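Colleague: Structure incoming, see below.
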Amino acid sequence: MAVLKISSVALALGGVVLAGCVKPEPPKDYMLTCLHETGAKGSYVRSADKIGANGLAKILPAAGGDARGAVLMNACIEQHHKEAGTLPKVSNPAEPTMMSNGKLSVPQGYNLSDADVALWKTLTVPQQKRALAFLKSGSTIQSSLLED
C-alpha cells in the first residue's frame, strides 16, 4: 500500500514538473490564411503602433496592397480570432458626445494619432458618425472618407 501511495505522489509531482515545462502555444498568425481567403491583391503588414478597436494590431497595405484589401484582411483576421476565442480583452471605448459647437467630441479609447484627431475636428457630423462606425469595426477615420 505504501508503494502505491509513493508511486501516486511521484506521478503527480512528475506531472506538475512537466506541465511547467510545456510552453503555451503562441497565437496563430492568420495573415497568409486571410490573404488567400480574401483574395486581397498585393502585400500587407501588421502595424507596430496602430491597434484596432478589437485589440488586434491593424493590418496596413504594403507594396501593391490597397485600403480595401486592408479592410478585408482586418475583418478576416478578427473573424478567425473570434472563432478561436483568441480576441484580446479590451475595454469598450466611450461614445463621443455632442459639443456646444455642434460637432461630436473626439472618440476616446481608440488608438488615434495626432493627425487622426486633427482630421476628426474638420469632419462634418455625418462624416464623424461614419468615421465612428469605421473605428468601431476596427478600421480608420481615413478609410471612412473613401467611397464605397
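Labels for the C-alpha cells follow display order: chains A, B, ..., residues from 1 in each chain, ligands from 1.
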Residues near A:Glu37, anyone? I mean within 10 Å using only C-alpha atoms, not counting same-chain ones fewer than 6 positions away, as an MDAnalysis selection string.

Modeller: chainID A and resid 31 72:73 76

Colleague: If you run DSSP on the backbone here, which positions in stretch 47-126 of chain A get alpha helix (DSSP H)? Please write them as a list of chain:residue names.

Modeller: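 Of stretch 47-126 of chain A, only A:Ala67, A:Arg68, A:Gly69, A:Ala70, A:Val71, A:Leu72, A:Met73, A:Asn74, A:Ala75, A:Cys76, A:Ile77, A:Glu78, A:Gln79, A:His80, A:His81, A:Lys82, A:Glu83, A:Ala84, A:Asp114, A:Ala115, A:Asp116, A:Val117, A:Ala118, A:Leu119, A:Trp120, A:Lys121, A:Thr122, A:Val125, A:Pro126 fall in alpha helix (DSSP H).
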
Colleague: Please identify all polymer residues within 10 Å of stretch 132-136 of chain A, counting only C-alpha atoms, omitting same-chain residues fewer than 6 positions from it, and present them as JSON, numbers by chain.

Modeller: {"A": [52, 53, 54, 71, 92, 93, 95, 96, 104, 106, 107, 110, 111, 112, 120, 126, 142, 143, 144, 145]}

Colleague: Neighbours of A:Ser105 within 12 Å (only C-alpha atoms; same-chain residues fewer than 6 positions away dropped), as a list of chain:residue names?

Modeller: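 In the requested format, the answer is A:Ala94, A:Glu95, A:Pro96, A:Thr97, A:Met98, A:Met99, A:Val117, A:Ala118, A:Trp120, A:Lys121, A:Thr122, A:Leu123, A:Thr124, A:Val125, A:Gln128, A:Lys129, A:Leu132.
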
Colleague: Any idea what the distance is between atom CA of A:Tyr44 and atom CA of A:Leu32?

Modeller: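 Those two atoms sit 9.7 Å apart.
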
Colleague: Quick check, in Å to one decimal: how far apart do atom CA of A:Ala57 and atom CA of A:Gly42 lie?

Modeller: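 For atom CA of A:Ala57 relative to atom CA of A:Gly42, the distance reads 18.8 Å.
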
Colleague: Determine which residues of stretch 4-148 of chain A DSSP labels as strand (DSSP E) from the backbone of this structure, then write them out as a list of chain:residue names.

Modeller: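 Checking each residue of stretch 4-148 of chain A, the strand (DSSP E) ones are A:Tyr44, A:Val45, A:Arg46, A:Ser47, A:Ala48, A:Asp49, A:Lys50, A:Ile51, A:Ala57, A:Lys58, A:Ile59, A:Leu60, A:Pro61.
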
Colleague: Find the spatial neighbours of A:Ser43, counting only C-alpha atoms, within a cut-off of 12 Å - ignore same-chain residues fewer than 5 positions away - and output them as a list in words.

Modeller: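 Listed by chain and then number, they are Met31, Leu32, Cys34, Leu35, His36, Ile59, Leu60, Pro61, Ala62, Ala63, Gly64, Gly65, Asp66, Ala67, Gly69, Ala70 and Met73 of chain A.
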
Colleague: Could the residues in this selection be written to a file with C-alpha atoms, as a PDB file, in the first residue's frame?

Modeller:
```pdb
ATOM      1  CA  MET A  31      -2.070  36.832 -42.322  1.00  0.00           C
ATOM      2  CA  LEU A  32      -1.400  34.244 -45.042  1.00  0.00           C
ATOM      3  CA  CYS A  34      -6.629  35.707 -44.833  1.00  0.00           C
ATOM      4  CA  LEU A  35      -4.609  36.868 -47.828  1.00  0.00           C
ATOM      5  CA  HIS A  36      -5.699  33.669 -49.568  1.00  0.00           C
ATOM      6  CA  ILE A  59      -3.210  45.398 -40.952  1.00  0.00           C
ATOM      7  CA  LEU A  60      -1.915  48.065 -43.333  1.00  0.00           C
ATOM      8  CA  PRO A  61      -1.342  47.956 -47.093  1.00  0.00           C
ATOM      9  CA  ALA A  62       2.254  47.478 -48.245  1.00  0.00           C
ATOM     10  CA  ALA A  63       3.661  47.013 -51.771  1.00  0.00           C
ATOM     11  CA  GLY A  64       0.757  46.591 -54.181  1.00  0.00           C
ATOM     12  CA  GLY A  65      -1.826  46.488 -51.380  1.00  0.00           C
ATOM     13  CA  ASP A  66      -4.725  48.909 -51.007  1.00  0.00           C
ATOM     14  CA  ALA A  67      -7.132  50.229 -48.357  1.00  0.00           C
ATOM     15  CA  GLY A  69      -7.634  44.858 -49.097  1.00  0.00           C
ATOM     16  CA  ALA A  70      -6.533  46.046 -45.640  1.00  0.00           C
ATOM     17  CA  MET A  73      -7.702  41.454 -44.107  1.00  0.00           C
TER      18      MET A  73
END
```

Colleague: In Å, rounded to a single decimal, give me how far atom CA of A:Glu78 is from atom CA of A:Gly55.

Modeller: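 A separation of 9.4 Å between them.
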
Colleague: Considering only C-alpha atoms, state which residue in the set A:Leu146, A:Ile51, A:Leu56, A:Val45 is at the smallest distance from A:Gly109.

Modeller: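 The closest residue to A:Gly109 is A:Ile51.
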